[in-house]
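Trainee: The file below is coords03.txt, compact mmCIF, C-alpha atoms:
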# COMPACT_ATOMS: atom_id res chain seq x y z
CA MET L 1 -24.55 -17.47 45.06
CA LEU L 2 -21.47 -16.94 42.93
CA ASP L 3 -21.82 -18.17 39.38
CA ILE L 4 -18.20 -18.97 38.57
CA TYR L 5 -18.40 -22.40 36.95
CA ASN L 6 -20.38 -21.32 33.91
CA ASN L 7 -17.25 -20.01 32.15
CA LYS L 8 -15.68 -21.88 29.26
CA PHE L 9 -11.99 -21.63 28.35
CA THR L 10 -10.35 -23.78 25.70
CA LYS L 11 -6.74 -24.48 24.77
CA ASP L 12 -7.20 -23.37 21.16
CA GLU L 13 -7.92 -19.70 21.89
CA LYS L 14 -4.99 -18.23 19.96
CA TYR L 15 -5.32 -14.72 21.39
CA LEU L 16 -5.14 -16.07 24.96
CA ASN L 17 -2.19 -18.32 24.10
CA ARG L 18 -0.23 -15.50 22.47
CA GLY L 19 -1.27 -13.06 25.18
CA PHE L 20 -0.07 -15.43 27.88
CA VAL L 21 3.38 -15.82 26.32
CA ALA L 22 3.72 -12.07 25.82
CA GLY L 23 2.34 -11.26 29.28
CA ILE L 24 4.59 -13.68 31.16
CA SER L 25 7.58 -12.41 29.17
CA LEU L 26 6.76 -8.80 30.09
CA LEU L 27 6.26 -9.69 33.76
CA PHE L 28 9.64 -11.42 33.80
CA MET L 29 11.31 -8.43 32.16
CA PHE L 30 9.72 -5.73 34.33
CA TYR L 31 9.67 -7.49 37.70
CA MET L 32 12.71 -9.78 37.59
CA PHE L 33 15.24 -8.94 34.87
CA ILE L 34 15.22 -5.13 35.12
CA PRO L 35 15.24 -5.06 38.97
CA ALA L 36 18.11 -7.57 38.97
CA LEU L 37 19.96 -5.43 36.44
CA LEU L 38 19.46 -2.31 38.55
CA SER L 39 20.47 -3.99 41.79
CA GLY L 40 23.65 -5.24 40.12
CA SER L 41 24.60 -1.82 38.81
CA HIS L 42 25.18 0.81 41.46
CA GLN L 43 25.63 3.49 38.79
CA LEU L 44 22.23 2.84 37.22
CA LEU L 45 20.55 2.69 40.61
CA ALA L 46 22.26 5.86 41.81
CA GLY L 47 21.32 7.65 38.60
CA LEU L 48 17.69 6.61 39.01
CA ASN L 49 17.59 7.77 42.64
CA GLU L 50 19.15 11.13 41.75
CA MET L 51 16.47 11.92 39.18
CA PRO L 52 13.64 14.32 40.03
CA LYS L 53 10.84 12.20 41.54
CA PRO L 54 8.27 12.99 38.81
CA LEU L 55 10.71 11.90 36.10
CA MET L 56 11.59 8.74 38.03
CA ILE L 57 7.89 7.91 38.42
CA LEU L 58 7.35 8.37 34.68
CA ILE L 59 10.26 6.02 33.93
CA VAL L 60 9.51 3.40 36.58
CA CYS L 61 5.73 3.34 37.02
CA PHE L 62 4.29 4.03 33.56
CA PRO L 63 6.08 1.73 31.09
CA PRO L 64 5.11 -1.64 32.69
CA PRO L 65 1.31 -1.18 32.64
CA LEU L 66 1.24 0.84 29.41
CA LEU L 67 3.45 -1.55 27.42
CA THR L 68 1.59 -4.55 28.81
CA LEU L 69 -1.75 -3.02 27.91
CA ALA L 70 -0.54 -2.11 24.42
CA ALA L 71 0.80 -5.63 23.83
CA MET L 72 -2.48 -7.24 24.93
CA LEU L 73 -4.61 -4.90 22.81
CA ILE L 74 -2.47 -5.47 19.70
CA ILE L 75 -2.51 -9.26 20.14
CA PHE L 76 -6.27 -9.34 20.71
CA LYS L 77 -6.87 -7.06 17.73
CA VAL L 78 -4.84 -8.96 15.14
CA THR L 79 -5.55 -12.51 16.37
CA ASP L 80 -8.81 -14.22 15.38
CA PRO L 81 -10.19 -11.08 13.66
CA ARG L 82 -13.55 -12.76 13.05
CA LYS L 83 -14.34 -12.53 16.76
CA SER L 84 -15.43 -9.31 18.38
CA PHE L 85 -12.51 -7.33 19.81
CA PHE L 86 -14.39 -6.42 22.99
CA GLU L 87 -15.70 -9.95 23.40
CA LYS L 88 -12.15 -11.31 23.22
CA LEU L 89 -11.13 -8.80 25.91
CA GLY L 90 -14.05 -9.87 28.07
CA LEU L 91 -15.49 -6.33 28.00
CA ASN L 92 -19.20 -7.02 27.74
CA LYS L 93 -22.44 -7.20 29.73
CA TRP L 94 -21.92 -4.06 31.78
CA HIS L 95 -24.89 -2.82 33.83
CA LEU L 96 -24.97 0.29 36.01
CA GLY L 97 -26.25 -1.77 38.94
CA ASN L 98 -22.96 -3.66 38.93
CA PHE L 99 -21.23 -0.48 40.10
CA TRP L 100 -22.95 -0.53 43.49
CA ILE L 101 -22.15 -4.21 43.88
CA CYS L 102 -18.50 -3.32 43.23
CA VAL L 103 -18.68 -0.54 45.84
CA ALA L 104 -20.06 -2.97 48.44
CA VAL L 105 -17.44 -5.60 47.60
CA CYS L 106 -14.69 -2.95 47.74
CA VAL L 107 -15.74 -1.81 51.23
CA PHE L 108 -15.84 -5.44 52.37
CA MET L 109 -12.44 -6.24 50.86
CA LEU L 110 -10.85 -3.10 52.34
CA GLY L 111 -11.88 -4.37 55.76
CA ILE L 112 -10.63 -7.88 55.01
CA SER L 113 -7.34 -6.50 53.68
CA ALA L 114 -6.80 -4.32 56.75
CA VAL L 115 -7.47 -7.19 59.16
CA THR L 116 -5.30 -9.56 57.13
CA THR L 117 -2.38 -7.12 56.89
CA ILE L 118 -2.49 -6.25 60.61
CA SER L 119 -2.71 -9.92 61.60
CA PHE L 120 0.15 -10.91 59.32
CA LYS L 121 2.25 -8.01 60.63
CA ARG L 122 1.74 -9.27 64.18
CA ILE L 123 2.83 -12.75 63.13
CA LEU L 124 5.96 -11.29 61.55
CA ASP L 125 6.66 -9.25 64.68
CA PHE L 126 6.18 -12.34 66.87
CA PHE L 127 8.84 -14.20 64.91
CA GLU L 128 10.98 -11.04 64.75
CA ILE L 129 10.83 -10.95 60.95
CA SER L 130 11.32 -7.47 59.56
CA CYS L 131 10.29 -6.34 56.09
CA ARG L 132 10.65 -3.05 54.31
CA PRO L 133 7.63 -0.84 53.60
CA PRO L 134 6.04 -1.22 50.16
CA ALA L 135 8.04 0.65 47.53
CA PHE L 136 4.87 2.34 46.29
CA LEU L 137 4.11 3.70 49.76
CA THR L 138 7.66 4.96 50.29
CA LEU L 139 7.66 6.69 46.92
CA ALA L 140 4.18 8.16 47.39
CA LEU L 141 5.16 9.69 50.75
CA SER L 142 8.48 11.09 49.57
CA CYS L 143 7.58 12.64 46.20
CA ASN L 144 6.30 16.14 45.53
CA THR L 145 2.74 17.01 44.45
CA THR L 146 3.44 16.50 40.74
CA GLY L 147 5.00 13.12 41.45
CA PHE L 148 2.06 12.10 43.63
CA ILE L 149 -0.44 13.01 40.90
CA LEU L 150 1.51 10.96 38.36
CA LEU L 151 1.73 8.07 40.80
CA ALA L 152 -2.01 8.27 41.46
CA ILE L 153 -2.75 8.16 37.72
CA ALA L 154 -0.52 5.12 37.24
CA ALA L 155 -1.86 3.27 40.28
CA ALA L 156 -5.55 4.14 40.25
CA ILE L 157 -6.29 4.40 36.52
CA ILE L 158 -3.74 2.70 34.27
CA ALA L 159 -2.75 -0.27 36.44
CA PRO L 160 -6.29 -1.57 37.08
CA ILE L 161 -7.06 -1.75 33.35
CA SER L 162 -3.72 -3.31 32.42
CA GLU L 163 -3.62 -5.79 35.32
CA GLU L 164 -7.22 -6.94 34.91
CA ILE L 165 -6.80 -7.65 31.22
CA LEU L 166 -3.49 -9.44 31.83
CA PHE L 167 -4.28 -11.41 34.99
CA ARG L 168 -8.03 -11.92 35.02
CA ARG L 169 -8.56 -12.37 31.29
CA VAL L 170 -5.31 -13.56 29.69
CA ILE L 171 -3.33 -15.49 32.31
CA TYR L 172 -6.41 -16.92 34.02
CA GLY L 173 -8.02 -17.91 30.71
CA PHE L 174 -4.85 -19.66 29.54
CA VAL L 175 -4.28 -21.51 32.81
CA ALA L 176 -7.95 -22.38 33.43
CA ALA L 177 -8.10 -24.24 30.12
CA ARG L 178 -5.31 -26.49 31.41
CA ILE L 179 -5.73 -27.00 35.15
CA GLY L 180 -9.29 -25.89 35.90
CA ILE L 181 -10.91 -23.03 37.77
CA ALA L 182 -9.70 -23.51 41.36
CA GLY L 183 -6.05 -24.04 40.49
CA SER L 184 -5.98 -21.15 38.04
CA VAL L 185 -7.61 -18.76 40.55
CA VAL L 186 -4.88 -19.65 43.07
CA PHE L 187 -2.08 -19.40 40.49
CA THR L 188 -3.25 -16.07 39.09
CA SER L 189 -3.79 -14.56 42.55
CA LEU L 190 -0.36 -15.68 43.75
CA LEU L 191 1.29 -14.18 40.68
CA PHE L 192 -0.72 -10.97 41.16
CA ALA L 193 0.45 -10.69 44.78
CA MET L 194 4.08 -11.42 43.87
CA ILE L 195 4.47 -8.61 41.33
CA HIS L 196 3.42 -5.99 43.90
CA ASP L 197 6.65 -6.61 45.81
CA SER L 198 5.23 -6.24 49.33
CA PHE L 199 5.85 -9.17 51.64
CA ALA L 200 3.87 -7.60 54.50
CA GLN L 201 0.83 -7.19 52.25
CA PHE L 202 1.21 -10.48 50.40
CA PRO L 203 -1.75 -12.30 52.04
CA ALA L 204 -4.04 -9.29 51.54
CA LEU L 205 -2.95 -8.91 47.92
CA PHE L 206 -3.60 -12.60 47.32
CA LEU L 207 -7.14 -12.27 48.70
CA LEU L 208 -7.71 -9.19 46.56
CA GLY L 209 -6.58 -11.16 43.52
CA VAL L 210 -9.08 -13.89 44.37
CA ALA L 211 -11.86 -11.30 44.78
CA PHE L 212 -11.08 -9.66 41.44
CA GLN L 213 -11.05 -13.04 39.72
CA LEU L 214 -14.34 -14.21 41.26
CA ILE L 215 -16.05 -10.94 40.32
CA TYR L 216 -14.91 -11.37 36.73
CA LEU L 217 -16.11 -14.97 36.60
CA HIS L 218 -19.43 -14.25 38.29
CA PHE L 219 -20.41 -11.44 35.93
CA HIS L 220 -18.76 -13.03 32.84
CA SER L 221 -17.29 -9.60 32.19
CA LEU L 222 -14.10 -7.72 32.91
CA TYR L 223 -15.90 -4.42 33.55
CA PRO L 224 -16.86 -5.16 37.19
CA SER L 225 -13.38 -6.40 38.12
CA ILE L 226 -11.80 -3.29 36.54
CA VAL L 227 -14.22 -1.05 38.46
CA LEU L 228 -13.51 -2.94 41.69
CA HIS L 229 -9.77 -2.57 41.06
CA PHE L 230 -10.28 1.17 40.37
CA LEU L 231 -12.13 1.59 43.65
CA ASN L 232 -9.60 -0.39 45.68
CA ASN L 233 -6.55 1.42 44.32
CA GLY L 234 -8.35 4.75 44.47
CA ALA L 235 -9.12 4.18 48.15
CA ALA L 236 -5.43 3.37 48.78
CA VAL L 237 -4.36 6.56 47.00
CA CYS L 238 -6.85 8.62 49.04
CA ALA L 239 -5.56 7.06 52.27
CA ILE L 240 -1.97 7.94 51.34
CA LEU L 241 -3.10 11.46 50.46
CA LEU L 242 -4.55 11.85 53.98
CA VAL L 243 -1.25 10.63 55.42
CA ARG L 244 0.61 13.24 53.35
CA VAL L 245 -1.74 16.10 54.22
CA PHE L 246 -1.86 15.44 57.95
CA HIS L 247 1.80 14.36 58.18
CA ILE L 248 0.99 11.04 59.84
CA PRO L 249 4.31 9.26 60.67
CA LEU L 250 3.28 6.03 58.97
CA LEU L 251 6.77 4.73 58.18
CA GLN L 252 8.36 5.56 61.50
Could you write out this structure as structure tokens?
Mentor:
Amino acid sequence: MLDIYNNKFTKDEKYLNRGFVAGISLLFMFYMFIPALLSGSHQLLAGLNEMPKPLMILIVCFPPPLLTLAAMLIIFKVTDPRKSFFEKLGLNKWHLGNFWICVAVCVFMLGISAVTTISFKRILDFFEISCRPPAFLTLALSCNTTGFILLAIAAAIIAPISEEILFRRVIYGFVAARIGIAGSVVFTSLLFAMIHDSFAQFPALFLLGVAFQLIYLHFHSLYPSIVLHFLNNGAAVCAILLVRVFHIPLLQ
């Protein structure tokens, strides 16, 4: 039985309030303003595409999670200093046994995600709706070895930490204090799916967001959700690596 209702969030948590404002502002800048700026400037876009892939990955994939993580850590450190830094982050109550639970949940969610993505793709095909491949997949299949390693570090190590602190701890905590658990789980998971910019994978990403959030709430700790996110993204990176090694024509 999931224990998700025994979590308390209040409107006067200053570090969550400030983190929410900063986090939403960064999401808007990285996933709306900058893409709109690039799409409106052919020179900037052409210059970015002409860069060596490793350099482009460093410029595109590393700043969003690193700057978001830095902003959250600074806000949590300087706000309400009387409270424990790790407690404010939700990094507590880790047990080794939780790792195997995360592995089991990851295997289950990989299956759910695959079925959901395939089913949604068939629905899109039935209505003759086309959508481009995920940008991450296209980049991972087209870059050289150095670029792929950098991409793997960003996706499988940095992003899980940054995204879990931002979505599961900060945004969820802020919203849950105002509209309750169910509504905030839906809101956070929708926002999580939207920033990944993959319409074909949107339902699967939404379900993953729900799973990450429920794991965090059940264990009253961010550690299990970060580990689950690590495992999920790591499995995706390994799958893409197999595609690269065996030259599977995935995008054709």
Trainee: Mind dumping a table of every segment 23-140 of chain L residue within 7 Å of segment 222-243 of chain L, with the nearest atom pair and its distance in Å to one decimal, using all atoms listed in the file, sorted by chain and rising number, as a Markdown table?
Mentor:
| residue | atom | partner | partner_atom | distance |
| --- | --- | --- | --- | --- |
| L:Gly90 | CA | L:Leu222 | CA | 5.3 |
| L:Leu91 | CA | L:Leu222 | CA | 5.3 |
| L:Trp94 | CA | L:Tyr223 | CA | 6.3 |
| L:Asn98 | CA | L:Pro224 | CA | 6.5 |
| L:Cys102 | CA | L:Leu228 | CA | 5.2 |
| L:Cys106 | CA | L:Asn232 | CA | 6.1 |
Trainee: Nearest to Ile57 of chain L: which of L:Phe148, L:Val103, L:Leu44, L:Val78 is it, counting only C-alpha atoms?
Mentor: L:Phe148
Trainee: Mind checking which residues fall within 7 Å of segment 119-133 of chain L, counting only C-alpha atoms, ignoring those fewer than 4 positions away in the same chain, and posting them as a PDB file with C-alpha atoms, in the frame of the given file?
Mentor:
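Below is the file part-v3.pdb, written as the result:
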ATOM      1  CA  VAL L 115      -7.470  -7.190  59.160  1.00  0.00           C
ATOM      2  CA  LEU L 137       4.110   3.700  49.760  1.00  0.00           C
ATOM      3  CA  THR L 138       7.660   4.960  50.290  1.00  0.00           C
ATOM      4  CA  PHE L 199       5.850  -9.170  51.640  1.00  0.00           C
ATOM      5  CA  ALA L 200       3.870  -7.600  54.500  1.00  0.00           C
TER       6      ALA L 200
END
Trainee: Write out, as a tab-separated table, each residue of segment 84-179 of chain L that has an atom at most 10 Å from segment 62-76 of chain L, together with the closest pair of atoms and their distance in Å to one decimal, counting all atoms listed in the file, rows going by chain and rising number.
Mentor:
residue	atom	partner	partner_atom	distance
L:Ser84	CA	L:Phe76	CA	9.5
L:Phe85	CA	L:Phe76	CA	6.6
L:Phe86	CA	L:Phe76	CA	8.9
L:Glu87	CA	L:Phe76	CA	9.8
L:Lys88	CA	L:Phe76	CA	6.7
L:Leu89	CA	L:Phe76	CA	7.1
L:Leu150	CA	L:Phe62	CA	8.9
L:Leu151	CA	L:Phe62	CA	8.7
L:Ile153	CA	L:Phe62	CA	9.2
L:Ala154	CA	L:Phe62	CA	6.2
L:Ala155	CA	L:Phe62	CA	9.1
L:Ile158	CA	L:Pro65	CA	6.6
L:Ala159	CA	L:Pro65	CA	5.6
L:Pro160	CA	L:Pro65	CA	8.8
L:Ile161	CA	L:Leu69	CA	7.7
L:Ser162	CA	L:Leu69	CA	4.9
L:Glu163	CA	L:Pro65	CA	7.3
L:Glu164	CA	L:Leu69	CA	9.7
L:Ile165	CA	L:Leu69	CA	7.6
L:Leu166	CA	L:Met72	CA	7.3
L:Val170	CA	L:Met72	CA	8.4
Trainee: Work out how far apart atom CA of Ile118 of chain L and atom CA of Ser142 of chain L are and give it in Å to one decimal.
Mentor: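 Interatomic distance, atom CA of Ile118 of chain L to atom CA of Ser142 of chain L: 23.3 Å.
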Trainee: Enter the distance from atom CA of Thr117 of chain L to atom CA of Phe28 of chain L, in Å, rounded to one decimal.
Mentor: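 Separation of atom CA of Thr117 of chain L and atom CA of Phe28 of chain L: 26.4 Å.
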Trainee: Between atom CA of Gly111 of chain L and atom CA of Gln201 of chain L, what is the distance, to one decimal in Å?
Mentor: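 Calculated distance between atom CA of Gly111 of chain L and atom CA of Gln201 of chain L is 13.5 Å.
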Trainee: Between L:Leu48, L:Ala177, L:Met109, L:Cys61, which residue has the minimum interatomic distance to Asn17 of chain L, considering only C-alpha atoms?
Mentor: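 The answer is L:Ala177, which sits nearest to Asn17 of chain L.
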Trainee: From the set L:Val21, L:Met29, L:Ile248, L:Val175, which residue has the shortest atom-to-atom contact distance to Leu141 of chain L, counting all atoms listed in the file?
Mentor: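 For Leu141 of chain L, the nearest of the given residues is L:Ile248.
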Trainee: Let me make sure I understand: among L:Ile171, L:Ala182, L:Leu205, L:Val210, which one has the smallest atom-to-atom distance to Ile24 of chain L if we use all atoms listed in the file?
Mentor: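 Checking each of L:Ile171, L:Ala182, L:Leu205, L:Val210 against Ile24 of chain L, counting all atoms listed in the file, the winner is L:Ile171.
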Trainee: Generate N, CA and C atoms for segment 83-112 of chain L and emit them as a PDB file, keeping the file's coordinate frame.
Mentor:
ATOM      1  N   LYS L  83     -13.672 -12.711  15.471  1.00  0.00           N
ATOM      2  CA  LYS L  83     -14.340 -12.530  16.760  1.00  0.00           C
ATOM      3  C   LYS L  83     -14.330 -11.061  17.159  1.00  0.00           C
ATOM      4  N   SER L  84     -15.336 -10.686  17.917  1.00  0.00           N
ATOM      5  CA  SER L  84     -15.430  -9.310  18.380  1.00  0.00           C
ATOM      6  C   SER L  84     -14.252  -8.948  19.284  1.00  0.00           C
ATOM      7  N   PHE L  85     -13.658  -7.785  19.024  1.00  0.00           N
ATOM      8  CA  PHE L  85     -12.510  -7.330  19.810  1.00  0.00           C
ATOM      9  C   PHE L  85     -12.865  -7.220  21.283  1.00  0.00           C
ATOM     10  N   PHE L  86     -13.999  -6.604  21.593  1.00  0.00           N
ATOM     11  CA  PHE L  86     -14.390  -6.420  22.990  1.00  0.00           C
ATOM     12  C   PHE L  86     -14.805  -7.738  23.642  1.00  0.00           C
ATOM     13  N   GLU L  87     -15.360  -8.633  22.859  1.00  0.00           N
ATOM     14  CA  GLU L  87     -15.700  -9.950  23.400  1.00  0.00           C
ATOM     15  C   GLU L  87     -14.436 -10.725  23.760  1.00  0.00           C
ATOM     16  N   LYS L  88     -13.409 -10.636  22.919  1.00  0.00           N
ATOM     17  CA  LYS L  88     -12.150 -11.310  23.220  1.00  0.00           C
ATOM     18  C   LYS L  88     -11.520 -10.743  24.494  1.00  0.00           C
ATOM     19  N   LEU L  89     -11.669  -9.429  24.699  1.00  0.00           N
ATOM     20  CA  LEU L  89     -11.130  -8.800  25.910  1.00  0.00           C
ATOM     21  C   LEU L  89     -11.972  -9.104  27.145  1.00  0.00           C
ATOM     22  N   GLY L  90     -13.167  -9.619  26.936  1.00  0.00           N
ATOM     23  CA  GLY L  90     -14.050  -9.870  28.070  1.00  0.00           C
ATOM     24  C   GLY L  90     -14.799  -8.617  28.514  1.00  0.00           C
ATOM     25  N   LEU L  91     -14.817  -7.595  27.668  1.00  0.00           N
ATOM     26  CA  LEU L  91     -15.490  -6.330  28.000  1.00  0.00           C
ATOM     27  C   LEU L  91     -16.893  -6.348  27.421  1.00  0.00           C
ATOM     28  N   ASN L  92     -17.803  -6.933  28.175  1.00  0.00           N
ATOM     29  CA  ASN L  92     -19.200  -7.020  27.740  1.00  0.00           C
ATOM     30  C   ASN L  92     -20.120  -7.106  28.950  1.00  0.00           C
ATOM     31  N   LYS L  93     -21.410  -6.994  28.707  1.00  0.00           N
ATOM     32  CA  LYS L  93     -22.440  -7.200  29.730  1.00  0.00           C
ATOM     33  C   LYS L  93     -22.312  -6.262  30.928  1.00  0.00           C
ATOM     34  N   TRP L  94     -21.987  -5.003  30.668  1.00  0.00           N
ATOM     35  CA  TRP L  94     -21.920  -4.060  31.780  1.00  0.00           C
ATOM     36  C   TRP L  94     -23.295  -3.471  32.078  1.00  0.00           C
ATOM     37  N   HIS L  95     -23.646  -3.439  33.370  1.00  0.00           N
ATOM     38  CA  HIS L  95     -24.890  -2.820  33.830  1.00  0.00           C
ATOM     39  C   HIS L  95     -24.541  -1.860  34.957  1.00  0.00           C
ATOM     40  N   LEU L  96     -25.251  -0.733  35.012  1.00  0.00           N
ATOM     41  CA  LEU L  96     -24.970   0.290  36.010  1.00  0.00           C
ATOM     42  C   LEU L  96     -25.114  -0.263  37.433  1.00  0.00           C
ATOM     43  N   GLY L  97     -26.045  -1.185  37.611  1.00  0.00           N
ATOM     44  CA  GLY L  97     -26.250  -1.770  38.940  1.00  0.00           C
ATOM     45  C   GLY L  97     -25.016  -2.502  39.445  1.00  0.00           C
ATOM     46  N   ASN L  98     -24.179  -2.960  38.523  1.00  0.00           N
ATOM     47  CA  ASN L  98     -22.960  -3.660  38.930  1.00  0.00           C
ATOM     48  C   ASN L  98     -22.018  -2.742  39.705  1.00  0.00           C
ATOM     49  N   PHE L  99     -22.107  -1.428  39.428  1.00  0.00           N
ATOM     50  CA  PHE L  99     -21.230  -0.480  40.100  1.00  0.00           C
ATOM     51  C   PHE L  99     -21.433  -0.518  41.608  1.00  0.00           C
ATOM     52  N   TRP L 100     -22.675  -0.553  42.046  1.00  0.00           N
ATOM     53  CA  TRP L 100     -22.950  -0.530  43.490  1.00  0.00           C
ATOM     54  C   TRP L 100     -22.564  -1.850  44.137  1.00  0.00           C
ATOM     55  N   ILE L 101     -22.651  -2.926  43.371  1.00  0.00           N
ATOM     56  CA  ILE L 101     -22.150  -4.210  43.880  1.00  0.00           C
ATOM     57  C   ILE L 101     -20.641  -4.118  44.079  1.00  0.00           C
ATOM     58  N   CYS L 102     -19.957  -3.497  43.124  1.00  0.00           N
ATOM     59  CA  CYS L 102     -18.500  -3.320  43.230  1.00  0.00           C
ATOM     60  C   CYS L 102     -18.142  -2.453  44.433  1.00  0.00           C
ATOM     61  N   VAL L 103     -18.925  -1.399  44.679  1.00  0.00           N
ATOM     62  CA  VAL L 103     -18.680  -0.540  45.840  1.00  0.00           C
ATOM     63  C   VAL L 103     -18.799  -1.349  47.129  1.00  0.00           C
ATOM     64  N   ALA L 104     -19.860  -2.156  47.237  1.00  0.00           N
ATOM     65  CA  ALA L 104     -20.060  -2.970  48.440  1.00  0.00           C
ATOM     66  C   ALA L 104     -18.927  -3.974  48.620  1.00  0.00           C
ATOM     67  N   VAL L 105     -18.531  -4.628  47.529  1.00  0.00           N
ATOM     68  CA  VAL L 105     -17.440  -5.600  47.600  1.00  0.00           C
ATOM     69  C   VAL L 105     -16.140  -4.902  47.979  1.00  0.00           C
ATOM     70  N   CYS L 106     -15.921  -3.702  47.442  1.00  0.00           N
ATOM     71  CA  CYS L 106     -14.690  -2.950  47.740  1.00  0.00           C
ATOM     72  C   CYS L 106     -14.624  -2.614  49.230  1.00  0.00           C
ATOM     73  N   VAL L 107     -15.717  -2.138  49.792  1.00  0.00           N
ATOM     74  CA  VAL L 107     -15.740  -1.810  51.230  1.00  0.00           C
ATOM     75  C   VAL L 107     -15.445  -3.065  52.047  1.00  0.00           C
ATOM     76  N   PHE L 108     -16.067  -4.174  51.663  1.00  0.00           N
ATOM     77  CA  PHE L 108     -15.840  -5.440  52.370  1.00  0.00           C
ATOM     78  C   PHE L 108     -14.384  -5.869  52.273  1.00  0.00           C
ATOM     79  N   MET L 109     -13.814  -5.793  51.059  1.00  0.00           N
ATOM     80  CA  MET L 109     -12.440  -6.240  50.860  1.00  0.00           C
ATOM     81  C   MET L 109     -11.430  -5.306  51.518  1.00  0.00           C
ATOM     82  N   LEU L 110     -11.748  -4.010  51.617  1.00  0.00           N
ATOM     83  CA  LEU L 110     -10.850  -3.100  52.340  1.00  0.00           C
ATOM     84  C   LEU L 110     -10.758  -3.504  53.805  1.00  0.00           C
ATOM     85  N   GLY L 111     -11.891  -3.884  54.376  1.00  0.00           N
ATOM     86  CA  GLY L 111     -11.880  -4.370  55.760  1.00  0.00           C
ATOM     87  C   GLY L 111     -11.109  -5.661  55.907  1.00  0.00           C
ATOM     88  N   ILE L 112     -11.340  -6.599  54.991  1.00  0.00           N
ATOM     89  CA  ILE L 112     -10.630  -7.880  55.010  1.00  0.00           C
ATOM     90  C   ILE L 112      -9.126  -7.653  54.845  1.00  0.00           C
TER      91      ILE L 112
END
